[in-house]
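upload_31.pdb (PDB, C-alpha atoms) appears below.
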ATOM      1  CA  MET A 331     -29.216 -36.719  -2.944
ATOM      2  CA  VAL A 332     -31.884 -35.796  -0.385
ATOM      3  CA  ALA A 333     -30.774 -38.669   1.809
ATOM      4  CA  VAL A 334     -27.166 -37.389   1.758
ATOM      5  CA  VAL A 335     -28.270 -33.899   2.821
ATOM      6  CA  ILE A 336     -30.340 -35.343   5.673
ATOM      7  CA  VAL A 337     -27.406 -37.427   6.884
ATOM      8  CA  LEU A 338     -25.068 -34.395   6.790
ATOM      9  CA  MET A 339     -27.561 -32.247   8.696
ATOM     10  CA  ALA A 340     -28.032 -34.934  11.299
ATOM     11  CA  SER A 341     -24.285 -35.405  11.759
ATOM     12  CA  ALA A 342     -23.822 -31.642  12.147
ATOM     13  CA  GLN A 343     -26.195 -31.744  15.142
ATOM     14  CA  ASP A 344     -24.503 -34.701  16.845
ATOM     15  CA  ARG A 345     -23.553 -34.106  20.433
ATOM     16  CA  THR A 346     -19.986 -34.727  21.538
ATOM     17  CA  VAL A 347     -18.403 -35.087  24.947
ATOM     18  CA  GLN A 348     -18.208 -31.646  26.575
ATOM     19  CA  ASN A 349     -14.907 -30.400  27.941
ATOM     20  CA  ARG A 350     -15.153 -28.493  31.228
ATOM     21  CA  PRO A 351     -18.964 -28.818  31.421
ATOM     22  CA  TYR A 352     -19.276 -26.659  34.561
ATOM     23  CA  ALA A 353     -16.961 -23.833  33.474
ATOM     24  CA  ASP A 354     -19.823 -21.383  32.834
ATOM     25  CA  LEU A 355     -21.550 -22.099  36.155
ATOM     26  CA  ARG A 356     -18.855 -20.495  38.293
ATOM     27  CA  PRO A 357     -19.956 -17.121  39.719
ATOM     28  CA  PHE A 358     -16.503 -15.604  39.110
ATOM     29  CA  HIS A 359     -13.256 -16.598  37.386
ATOM     30  CA  PHE A 360      -9.913 -15.146  36.278
ATOM     31  CA  GLY A 361      -7.952 -15.274  33.025
ATOM     32  CA  VAL A 362      -5.122 -13.732  31.019
ATOM     33  CA  ILE A 363      -5.130 -11.748  27.757
ATOM     34  CA  ILE A 364      -2.662 -11.776  24.868
ATOM     35  CA  GLY A 365      -3.399 -10.002  21.614
ATOM     36  CA  THR A 366      -2.581  -7.523  18.908
ATOM     37  CA  HIS A 367      -4.225  -4.349  17.672
ATOM     38  CA  LEU A 368      -4.158  -1.744  14.934
ATOM     39  CA  GLN A 369      -4.469   1.899  15.933
ATOM     40  CA  ASP A 370      -5.366   5.003  13.975
ATOM     41  CA  ILE A 371      -6.406   8.535  14.819
ATOM     42  CA  GLU A 372      -8.716  10.981  13.056
ATOM     43  CA  LEU A 373      -7.126  14.453  12.956
ATOM     44  CA  ASN A 374      -9.163  17.570  12.168
ATOM     45  CA  ASN A 375      -7.054  20.056  10.169
ATOM     46  CA  VAL A 376      -7.873  23.732  10.672
ATOM     47  CA  GLY A 377      -6.890  24.962   7.194
ATOM     48  CA  PRO A 378      -4.667  27.961   6.221
ATOM     49  CA  LEU A 379      -2.460  29.379   8.987
ATOM     50  CA  THR A 380      -0.483  32.586   9.457
ATOM     51  CA  ILE A 381       3.129  31.532  10.050
ATOM     52  CA  THR A 382       6.112  33.530  11.279
ATOM     53  CA  ASP A 383       9.545  32.196  10.269
ATOM     54  CA  GLU A 384      12.633  32.443  12.456
ATOM     55  CA  ASP A 385      13.790  35.472  10.426
ATOM     56  CA  GLY A 386      10.503  37.284  11.127
ATOM     57  CA  THR A 387       8.892  36.658   7.712
ATOM     58  CA  VAL A 388       5.113  36.374   7.984
ATOM     59  CA  TYR A 389       3.126  34.407   5.407
ATOM     60  CA  GLU A 390      -0.005  32.311   5.093
ATOM     61  CA  SER A 391       0.378  28.591   4.472
ATOM     62  CA  LEU A 392      -1.708  25.426   4.461
ATOM     63  CA  VAL A 393      -0.424  22.693   6.788
ATOM     64  CA  THR A 394      -2.071  19.274   6.846
ATOM     65  CA  ALA A 395      -1.491  16.441   9.314
ATOM     66  CA  ASP A 396      -2.472  12.792   9.090
ATOM     67  CA  GLN A 397      -1.713   9.356  10.468
ATOM     68  CA  ASP A 398      -1.588   7.802   7.041
ATOM     69  CA  ARG A 399      -1.641   4.131   8.038
ATOM     70  CA  TRP A 400      -2.946   1.729  10.664
ATOM     71  CA  ASP A 401      -0.059   1.092  13.053
ATOM     72  CA  PRO A 402       0.209  -2.305  14.803
ATOM     73  CA  GLY A 403       0.821  -2.950  18.480
ATOM     74  CA  PHE A 404       0.388  -5.664  21.078
ATOM     75  CA  THR A 405      -1.782  -6.139  24.157
ATOM     76  CA  VAL A 406      -1.316  -8.030  27.450
ATOM     77  CA  GLY A 407      -3.552  -8.110  30.478
ATOM     78  CA  VAL A 408      -5.720 -10.027  32.924
ATOM     79  CA  LEU A 409      -9.464 -10.399  33.363
ATOM     80  CA  GLY A 410     -12.096 -11.121  35.962
ATOM     81  CA  GLU A 411     -15.545 -12.234  34.840
ATOM     82  CA  PHE A 412     -18.818 -12.343  36.790
ATOM     83  CA  ARG A 413     -21.694 -14.630  35.827
ATOM     84  CA  LEU A 414     -24.898 -12.556  35.810
ATOM     85  CA  SER A 415     -27.255 -15.123  34.295
ATOM     86  CA  THR A 416     -27.305 -18.001  31.821
ATOM     87  CA  HIS A 417     -26.534 -15.718  28.873
ATOM     88  CA  PHE A 418     -24.972 -12.584  30.390
ATOM     89  CA  GLN A 419     -21.521 -12.019  31.901
ATOM     90  CA  LEU A 420     -19.799  -8.879  33.160
ATOM     91  CA  ARG A 421     -16.065  -8.725  32.420
ATOM     92  CA  ILE A 422     -13.444  -6.394  33.880
ATOM     93  CA  ALA A 423     -10.163  -6.551  31.940
ATOM     94  CA  PRO A 424      -7.156  -4.403  32.968
ATOM     95  CA  ALA A 425      -4.588  -4.413  30.148
ATOM     96  CA  LEU A 426      -1.578  -2.670  28.613
ATOM     97  CA  TYR A 427      -1.607  -1.483  24.993
ATOM     98  CA  PHE A 428       1.790  -0.839  23.380
ATOM     99  CA  GLY A 429       2.342   0.570  19.888
ATOM    100  CA  THR A 430       3.568   3.419  17.686
ATOM    101  CA  ARG A 431       1.825   6.161  15.750
ATOM    102  CA  HIS A 432       3.331   7.716  12.603
ATOM    103  CA  PHE A 433       2.231  11.265  11.748
ATOM    104  CA  THR A 434       2.994  13.051   8.469
ATOM    105  CA  PHE A 435       2.781  16.848   8.046
ATOM    106  CA  HIS A 436       2.674  18.680   4.692
ATOM    107  CA  ASN A 437       3.362  22.410   4.604
ATOM    108  CA  PHE A 438       2.074  23.915   1.333
ATOM    109  CA  ARG A 439       3.769  27.294   1.075
ATOM    110  CA  PRO A 440       2.344  30.240  -0.943
ATOM    111  CA  GLN A 441       2.093  29.708  -4.713
ATOM    112  CA  SER A 442       3.077  26.045  -4.263
ATOM    113  CA  THR A 443       1.472  23.102  -6.023
ATOM    114  CA  GLU A 444       0.594  19.697  -4.648
ATOM    115  CA  GLN A 445       4.097  18.536  -5.609
ATOM    116  CA  GLU A 446       5.804  21.436  -3.811
ATOM    117  CA  TYR A 447       5.633  21.217  -0.045
ATOM    118  CA  THR A 448       7.744  20.760   3.045
ATOM    119  CA  GLU A 449       7.231  17.415   4.753
ATOM    120  CA  GLU A 450       7.785  16.642   8.431
ATOM    121  CA  ARG A 451       7.265  13.365  10.287
ATOM    122  CA  GLN A 452       6.700  12.350  13.879
ATOM    123  CA  ASN A 453       6.921   8.869  15.395
ATOM    124  CA  MET A 454       5.004   8.647  18.659
ATOM    125  CA  LYS A 455       5.519   5.668  20.943
ATOM    126  CA  THR A 456       2.264   4.794  22.704
ATOM    127  CA  ALA A 457       1.643   2.990  25.974
ATOM    128  CA  TYR A 458      -1.824   2.834  27.525
ATOM    129  CA  ILE A 459      -3.095   1.379  30.791
ATOM    130  CA  SER A 460      -6.739   0.388  30.354
ATOM    131  CA  SER A 461      -9.497  -1.187  32.395
ATOM    132  CA  ALA A 462     -12.317  -2.291  30.126
ATOM    133  CA  VAL A 463     -15.785  -3.042  31.524
ATOM    134  CA  ASP A 464     -17.721  -5.229  29.068
ATOM    135  CA  LEU A 465     -21.169  -6.792  29.021
ATOM    136  CA  ILE A 466     -21.210 -10.142  27.201
ATOM    137  CA  PHE A 467     -24.289 -11.793  25.701
ATOM    138  CA  ALA A 468     -23.551 -15.440  24.893
ATOM    139  CA  ALA A 469     -25.572 -17.921  22.864
ATOM    140  CA  PRO A 470     -26.370 -21.359  24.313
ATOM    141  CA  ARG A 471     -23.357 -23.649  24.385
ATOM    142  CA  PHE A 472     -23.261 -26.358  21.712
ATOM    143  CA  ASN A 473     -20.675 -29.084  22.152
ATOM    144  CA  ASN A 474     -17.394 -27.280  22.852
ATOM    145  CA  HIS A 475     -18.041 -23.813  21.475
ATOM    146  CA  ARG A 476     -20.217 -20.844  22.375
ATOM    147  CA  PRO A 477     -20.385 -17.609  20.283
ATOM    148  CA  TYR A 478     -21.122 -14.252  21.886
ATOM    149  CA  LEU A 479     -21.479 -10.503  21.359
ATOM    150  CA  MET A 480     -19.949  -7.853  23.617
ATOM    151  CA  LEU A 481     -20.396  -4.146  24.320
ATOM    152  CA  GLY A 482     -18.433  -2.039  26.765
ATOM    153  CA  VAL A 483     -16.426   1.024  27.689
ATOM    154  CA  ASN A 484     -12.679   1.184  28.115
ATOM    155  CA  PRO A 485     -11.100   4.137  29.978
ATOM    156  CA  MET A 486      -7.377   4.490  29.285
ATOM    157  CA  ILE A 487      -4.414   6.339  30.754
ATOM    158  CA  ASN A 488      -1.809   7.507  28.236
ATOM    159  CA  LEU A 489       1.751   7.038  29.527
ATOM    160  CA  SER A 490       3.500   8.412  26.428
ATOM    161  CA  GLY A 491       4.133  11.848  24.954
ATOM    162  CA  ARG A 492       7.124  14.169  24.763
ATOM    163  CA  ASP A 493       7.256  17.933  25.131
ATOM    164  CA  ASN A 494       9.331  18.387  21.952
ATOM    165  CA  ASP A 495       6.892  16.563  19.624
ATOM    166  CA  TYR A 496       4.663  18.304  17.087
ATOM    167  CA  LEU A 497       1.547  16.671  18.535
ATOM    168  CA  LYS A 498       0.855  15.425  22.027
ATOM    169  CA  LEU A 499      -2.154  13.483  23.294
ATOM    170  CA  LYS A 500      -4.025  13.962  26.555
ATOM    171  CA  ARG A 501      -3.380  11.801  29.577
ATOM    172  CA  TYR A 502      -6.886  10.282  29.611
ATOM    173  CA  ASP A 503      -9.149   8.830  26.916
ATOM    174  CA  THR A 504     -12.257   6.636  26.825
ATOM    175  CA  PHE A 505     -13.236   4.100  24.144
ATOM    176  CA  LEU A 506     -16.512   2.452  23.190
ATOM    177  CA  GLU A 507     -15.993  -1.269  22.470
ATOM    178  CA  ILE A 508     -18.125  -3.441  20.186
ATOM    179  CA  GLY A 509     -17.056  -6.973  19.336
ATOM    180  CA  VAL A 510     -17.728 -10.628  18.627
ATOM    181  CA  GLY A 511     -16.046 -13.751  19.905
ATOM    182  CA  CYS A 512     -16.421 -17.436  20.594
ATOM    183  CA  ASP A 513     -15.590 -19.646  23.559
ATOM    184  CA  PHE A 514     -13.730 -22.859  22.741
ATOM    185  CA  TYR A 515     -13.730 -25.350  25.593
ATOM    186  CA  MET A 516     -10.435 -27.223  25.624
ATOM    187  CA  GLN A 517      -9.577 -30.107  27.909
ATOM    188  CA  PHE A 518      -7.768 -28.022  30.526
ATOM    189  CA  PHE A 519      -8.796 -24.404  29.779
ATOM    190  CA  LYS A 520     -11.199 -22.225  27.806
ATOM    191  CA  LEU A 521      -9.866 -20.293  24.805
ATOM    192  CA  ARG A 522     -11.717 -17.172  23.692
ATOM    193  CA  PRO A 523     -10.671 -15.373  20.463
ATOM    194  CA  GLU A 524     -12.324 -11.961  20.226
ATOM    195  CA  LEU A 525     -12.395  -9.293  17.532
ATOM    196  CA  LYS A 526     -13.505  -5.843  18.674
ATOM    197  CA  PHE A 527     -13.711  -2.316  17.335
ATOM    198  CA  MET A 528     -12.759   0.532  19.672
ATOM    199  CA  LEU A 529     -13.894   4.111  19.038
ATOM    200  CA  GLY A 530     -12.571   7.063  21.040
ATOM    201  CA  LEU A 531     -15.391   9.013  22.690
ATOM    202  CA  THR A 532     -13.379  12.112  23.644
ATOM    203  CA  ASP A 533     -11.120  14.633  21.942
ATOM    204  CA  CYS A 534      -7.689  13.280  22.904
ATOM    205  CA  LEU A 535      -5.571  16.148  21.516
ATOM    206  CA  ASP A 536      -3.583  18.170  24.063
ATOM    207  CA  LYS A 537      -4.393  21.695  22.860
ATOM    208  CA  LYS A 538      -2.088  23.359  25.414
ATOM    209  CA  HIS A 539       0.967  21.580  24.051
ATOM    210  CA  GLY A 540       1.790  24.370  21.590
ATOM    211  CA  GLU A 541       2.225  26.866  24.419
ATOM    212  CA  ASN A 542       5.178  24.885  25.778
ATOM    213  CA  LEU A 543       7.131  24.499  22.529
ATOM    214  CA  ARG A 544      10.532  26.191  22.577
ATOM    215  CA  ASN A 545      10.988  26.057  18.794
ATOM    216  CA  PRO A 546       8.682  28.613  17.055
ATOM    217  CA  ALA A 547       9.059  26.761  13.749
ATOM    218  CA  MET A 548       7.096  23.839  15.224
ATOM    219  CA  GLN A 549       4.081  25.996  16.064
ATOM    220  CA  ALA A 550       2.598  25.821  12.565
ATOM    221  CA  TYR A 551       2.517  22.008  12.623
ATOM    222  CA  THR A 552       1.161  21.852  16.164
ATOM    223  CA  ASN A 553      -1.569  24.432  15.467
ATOM    224  CA  SER A 554      -2.620  22.766  12.210
ATOM    225  CA  VAL A 555      -4.823  20.319  14.175
ATOM    226  CA  ASN A 556      -7.597  21.246  16.597
ATOM    227  CA  GLN A 557      -9.235  17.848  17.290
ATOM    228  CA  ALA A 558      -8.212  14.194  17.439
ATOM    229  CA  HIS A 559     -10.202  11.004  17.995
ATOM    230  CA  SER A 560      -8.498   7.625  18.379
ATOM    231  CA  LYS A 561      -9.750   4.299  17.096
ATOM    232  CA  MET A 562      -8.459   0.736  17.250
ATOM    233  CA  ILE A 563      -9.169  -2.729  15.894
ATOM    234  CA  SER A 564      -8.183  -5.376  18.430
ATOM    235  CA  LEU A 565      -7.782  -9.145  18.156
ATOM    236  CA  CYS A 566      -7.293 -10.707  21.572
ATOM    237  CA  PHE A 567      -7.039 -14.260  22.905
ATOM    238  CA  TYR A 568      -8.431 -14.858  26.395
ATOM    239  CA  PHE A 569      -7.224 -17.904  28.337
ATOM    240  CA  GLU A 570      -9.516 -18.821  31.208
TER
END
Now that the file is in, can you turn its structure into structure tokens?
Amino acid sequence: MVAVVIVLMASAQDRTVQNRPYADLRPFHFGVIIGTHLQDIELNNVGPLTITDEDGTVYESLVTADQDRWDPGFTVGVLGEFRLSTHFQLRIAPALYFGTRHFTFHNFRPQSTEQEYTEERQNMKTAYISSAVDLIFAAPRFNNHRPYLMLGVNPMINLSGRDNDYLKLKRYDTFLEIGVGCDFYMQFFKLRPELKFMLGLTDCLDKKHGENLRNPAMQAYTNSVNQAHSKMISLCFYFE
């Protein structure tokens, strides 16, 4: 039994022919990005509101808002990577993030129960232009794979948002990125799957949006939220 374990351990350390042995020695190289992501947003509800109906009736109500699921999207982009040292690389990756957010609003009127409320929904198409700057720390290459950790920041420009929606997001946002990945050296290219977590660093809610609404009945839903922070989980494949 001991002999079998020794043989297995020895075989696991066997060296194989390396594909693209000089790929990591280049000072700079390009690549393309294809991936998918899940996006969510943390909304801070303000609590009870004083609401004025279209007929002039004034009452106090509790309105809650939530993105009640992780919504999928897809990502495409390009990258440029600089070799800093044997283990460190600096990556700049402009990309486009496309997706949809689904918001649900519950208006609990006076003397209502949890089963008695008015529900409104909003579907928000999202399109972001981003330019991530990531620092990569890679382990030594073994055969045709090389795991790594990454940390970076990703400023984004929001191209979506309509003036007649309940909620609208700001034009600019910035994300902190933390992730893991692994380089796989193929015969003609390097494949890099990467899983990363993206946390919004700024309040992305457009608080001036409510001032431009033409329908007074929408004010209660717009004013029910005073902060919003985005977050994403991204799985991308880099081809270099």
Tell me which residues the PyMOL selection byres ((chain A and resi 494) around 12) grabs here, as a PyMOL selection string.
-> chain A and resi 452-454+491-493+495-498+539-549+552
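Rounded to one decimal, CA of Ile459 (chain A) and CA of Ser490 (chain A) lie 10.6 Å from each other.
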Looking at all atoms listed in the file, which of A:Asp513, A:Glu390, A:Asp396, A:Glu507 is the one that sits closest to Asp354 (chain A)?
-> A:Asp513
Translate the PyMOL selection byres ((chain A and resi 346) around 6), as applied to the file shown, into an explicit residue set as JSON, numbers by chain.
-> {"A": [345, 347, 473]}
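Proximity of A:Asn437, A:Gln419, A:Asn556, A:Ser391 to Met480 (chain A), computed with only C-alpha atoms, is greatest for A:Gln419.
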Residue among A:Ala462, A:Leu506, A:Val408, A:Ala353 lying closest to Lys561 (chain A), counting only C-alpha atoms = A:Leu506
Kindly output region 468-479 of chain A as a PDB file, in the frame of the given file, after building all heavy atoms.
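This is the output file out24.pdb:
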ATOM      1  N   ALA A 468     -24.009 -14.201  25.505  1.00  0.00           N
ATOM      2  CA  ALA A 468     -23.551 -15.440  24.893  1.00  0.00           C
ATOM      3  C   ALA A 468     -24.738 -16.299  24.472  1.00  0.00           C
ATOM      4  O   ALA A 468     -25.760 -16.376  25.161  1.00  0.00           O
ATOM      5  CB  ALA A 468     -22.663 -16.218  25.861  1.00  0.00           C
ATOM      6  N   ALA A 469     -24.569 -16.970  23.336  1.00  0.00           N
ATOM      7  CA  ALA A 469     -25.572 -17.921  22.864  1.00  0.00           C
ATOM      8  C   ALA A 469     -25.483 -19.199  23.702  1.00  0.00           C
ATOM      9  O   ALA A 469     -24.522 -19.400  24.447  1.00  0.00           O
ATOM     10  CB  ALA A 469     -25.328 -18.232  21.392  1.00  0.00           C
ATOM     11  N   PRO A 470     -26.475 -20.074  23.609  1.00  0.00           N
ATOM     12  CA  PRO A 470     -26.370 -21.359  24.313  1.00  0.00           C
ATOM     13  C   PRO A 470     -25.158 -22.151  23.831  1.00  0.00           C
ATOM     14  O   PRO A 470     -24.808 -22.129  22.648  1.00  0.00           O
ATOM     15  CB  PRO A 470     -27.681 -22.065  23.959  1.00  0.00           C
ATOM     16  CG  PRO A 470     -28.619 -20.968  23.582  1.00  0.00           C
ATOM     17  CD  PRO A 470     -27.778 -19.910  22.939  1.00  0.00           C
ATOM     18  N   ARG A 471     -24.526 -22.840  24.743  1.00  0.00           N
ATOM     19  CA  ARG A 471     -23.357 -23.649  24.385  1.00  0.00           C
ATOM     20  C   ARG A 471     -23.793 -24.854  23.569  1.00  0.00           C
ATOM     21  O   ARG A 471     -24.789 -25.513  23.878  1.00  0.00           O
ATOM     22  CB  ARG A 471     -22.647 -24.113  25.660  1.00  0.00           C
ATOM     23  CG  ARG A 471     -21.496 -25.079  25.390  1.00  0.00           C
ATOM     24  CD  ARG A 471     -20.746 -25.420  26.660  1.00  0.00           C
ATOM     25  NE  ARG A 471     -19.736 -26.444  26.417  1.00  0.00           N
ATOM     26  CZ  ARG A 471     -18.847 -26.854  27.316  1.00  0.00           C
ATOM     27  NH1 ARG A 471     -18.853 -26.326  28.540  1.00  0.00           N
ATOM     28  NH2 ARG A 471     -17.953 -27.792  27.018  1.00  0.00           N
ATOM     29  N   PHE A 472     -23.038 -25.144  22.501  1.00  0.00           N
ATOM     30  CA  PHE A 472     -23.261 -26.358  21.712  1.00  0.00           C
ATOM     31  C   PHE A 472     -21.934 -27.089  21.596  1.00  0.00           C
ATOM     32  O   PHE A 472     -20.950 -26.543  21.083  1.00  0.00           O
ATOM     33  CB  PHE A 472     -23.806 -26.031  20.320  1.00  0.00           C
ATOM     34  CG  PHE A 472     -24.084 -27.263  19.496  1.00  0.00           C
ATOM     35  CD1 PHE A 472     -25.225 -28.016  19.730  1.00  0.00           C
ATOM     36  CD2 PHE A 472     -23.199 -27.686  18.522  1.00  0.00           C
ATOM     37  CE1 PHE A 472     -25.481 -29.153  18.986  1.00  0.00           C
ATOM     38  CE2 PHE A 472     -23.454 -28.821  17.773  1.00  0.00           C
ATOM     39  CZ  PHE A 472     -24.597 -29.563  18.001  1.00  0.00           C
ATOM     40  N   ASN A 473     -21.907 -28.299  22.099  1.00  0.00           N
ATOM     41  CA  ASN A 473     -20.675 -29.084  22.152  1.00  0.00           C
ATOM     42  C   ASN A 473     -19.589 -28.283  22.869  1.00  0.00           C
ATOM     43  O   ASN A 473     -19.771 -27.900  24.009  1.00  0.00           O
ATOM     44  CB  ASN A 473     -20.250 -29.531  20.761  1.00  0.00           C
ATOM     45  CG  ASN A 473     -21.207 -30.568  20.181  1.00  0.00           C
ATOM     46  OD1 ASN A 473     -21.918 -31.248  20.938  1.00  0.00           O
ATOM     47  ND2 ASN A 473     -21.259 -30.678  18.870  1.00  0.00           N
ATOM     48  N   ASN A 474     -18.508 -27.954  22.196  1.00  0.00           N
ATOM     49  CA  ASN A 474     -17.394 -27.280  22.852  1.00  0.00           C
ATOM     50  C   ASN A 474     -17.125 -25.889  22.301  1.00  0.00           C
ATOM     51  O   ASN A 474     -15.986 -25.431  22.263  1.00  0.00           O
ATOM     52  CB  ASN A 474     -16.127 -28.138  22.757  1.00  0.00           C
ATOM     53  CG  ASN A 474     -16.187 -29.345  23.668  1.00  0.00           C
ATOM     54  OD1 ASN A 474     -16.522 -29.228  24.840  1.00  0.00           O
ATOM     55  ND2 ASN A 474     -15.893 -30.524  23.120  1.00  0.00           N
ATOM     56  N   HIS A 475     -18.183 -25.207  21.883  1.00  0.00           N
ATOM     57  CA  HIS A 475     -18.041 -23.813  21.475  1.00  0.00           C
ATOM     58  C   HIS A 475     -19.314 -23.036  21.817  1.00  0.00           C
ATOM     59  O   HIS A 475     -20.400 -23.613  21.932  1.00  0.00           O
ATOM     60  CB  HIS A 475     -17.704 -23.697  19.978  1.00  0.00           C
ATOM     61  CG  HIS A 475     -18.721 -24.339  19.084  1.00  0.00           C
ATOM     62  ND1 HIS A 475     -18.648 -25.667  18.712  1.00  0.00           N
ATOM     63  CD2 HIS A 475     -19.821 -23.843  18.486  1.00  0.00           C
ATOM     64  CE1 HIS A 475     -19.660 -25.965  17.919  1.00  0.00           C
ATOM     65  NE2 HIS A 475     -20.390 -24.867  17.763  1.00  0.00           N
ATOM     66  N   ARG A 476     -19.110 -21.712  21.965  1.00  0.00           N
ATOM     67  CA  ARG A 476     -20.217 -20.844  22.375  1.00  0.00           C
ATOM     68  C   ARG A 476     -19.958 -19.428  21.877  1.00  0.00           C
ATOM     69  O   ARG A 476     -19.137 -18.707  22.443  1.00  0.00           O
ATOM     70  CB  ARG A 476     -20.359 -20.844  23.898  1.00  0.00           C
ATOM     71  CG  ARG A 476     -21.603 -20.140  24.414  1.00  0.00           C
ATOM     72  CD  ARG A 476     -21.611 -20.095  25.932  1.00  0.00           C
ATOM     73  NE  ARG A 476     -22.912 -19.679  26.435  1.00  0.00           N
ATOM     74  CZ  ARG A 476     -23.159 -19.337  27.693  1.00  0.00           C
ATOM     75  NH1 ARG A 476     -22.172 -19.346  28.584  1.00  0.00           N
ATOM     76  NH2 ARG A 476     -24.376 -18.976  28.066  1.00  0.00           N
ATOM     77  N   PRO A 477     -20.605 -18.970  20.800  1.00  0.00           N
ATOM     78  CA  PRO A 477     -20.385 -17.609  20.283  1.00  0.00           C
ATOM     79  C   PRO A 477     -21.048 -16.565  21.169  1.00  0.00           C
ATOM     80  O   PRO A 477     -21.992 -16.860  21.917  1.00  0.00           O
ATOM     81  CB  PRO A 477     -21.028 -17.649  18.896  1.00  0.00           C
ATOM     82  CG  PRO A 477     -22.066 -18.719  19.001  1.00  0.00           C
ATOM     83  CD  PRO A 477     -21.538 -19.736  19.978  1.00  0.00           C
ATOM     84  N   TYR A 478     -20.565 -15.325  21.069  1.00  0.00           N
ATOM     85  CA  TYR A 478     -21.122 -14.252  21.886  1.00  0.00           C
ATOM     86  C   TYR A 478     -20.900 -12.902  21.221  1.00  0.00           C
ATOM     87  O   TYR A 478     -20.067 -12.741  20.326  1.00  0.00           O
ATOM     88  CB  TYR A 478     -20.498 -14.258  23.286  1.00  0.00           C
ATOM     89  CG  TYR A 478     -19.032 -13.905  23.324  1.00  0.00           C
ATOM     90  CD1 TYR A 478     -18.598 -12.582  23.421  1.00  0.00           C
ATOM     91  CD2 TYR A 478     -18.068 -14.893  23.257  1.00  0.00           C
ATOM     92  CE1 TYR A 478     -17.261 -12.260  23.453  1.00  0.00           C
ATOM     93  CE2 TYR A 478     -16.718 -14.584  23.295  1.00  0.00           C
ATOM     94  CZ  TYR A 478     -16.325 -13.264  23.399  1.00  0.00           C
ATOM     95  OH  TYR A 478     -14.989 -12.941  23.407  1.00  0.00           O
ATOM     96  N   LEU A 479     -21.649 -11.908  21.710  1.00  0.00           N
ATOM     97  CA  LEU A 479     -21.479 -10.503  21.359  1.00  0.00           C
ATOM     98  C   LEU A 479     -21.082  -9.739  22.612  1.00  0.00           C
ATOM     99  O   LEU A 479     -21.455 -10.132  23.732  1.00  0.00           O
ATOM    100  CB  LEU A 479     -22.769  -9.920  20.787  1.00  0.00           C
ATOM    101  CG  LEU A 479     -23.353 -10.589  19.545  1.00  0.00           C
ATOM    102  CD1 LEU A 479     -24.726  -9.984  19.215  1.00  0.00           C
ATOM    103  CD2 LEU A 479     -22.424 -10.438  18.356  1.00  0.00           C
TER     104      LEU A 479
END
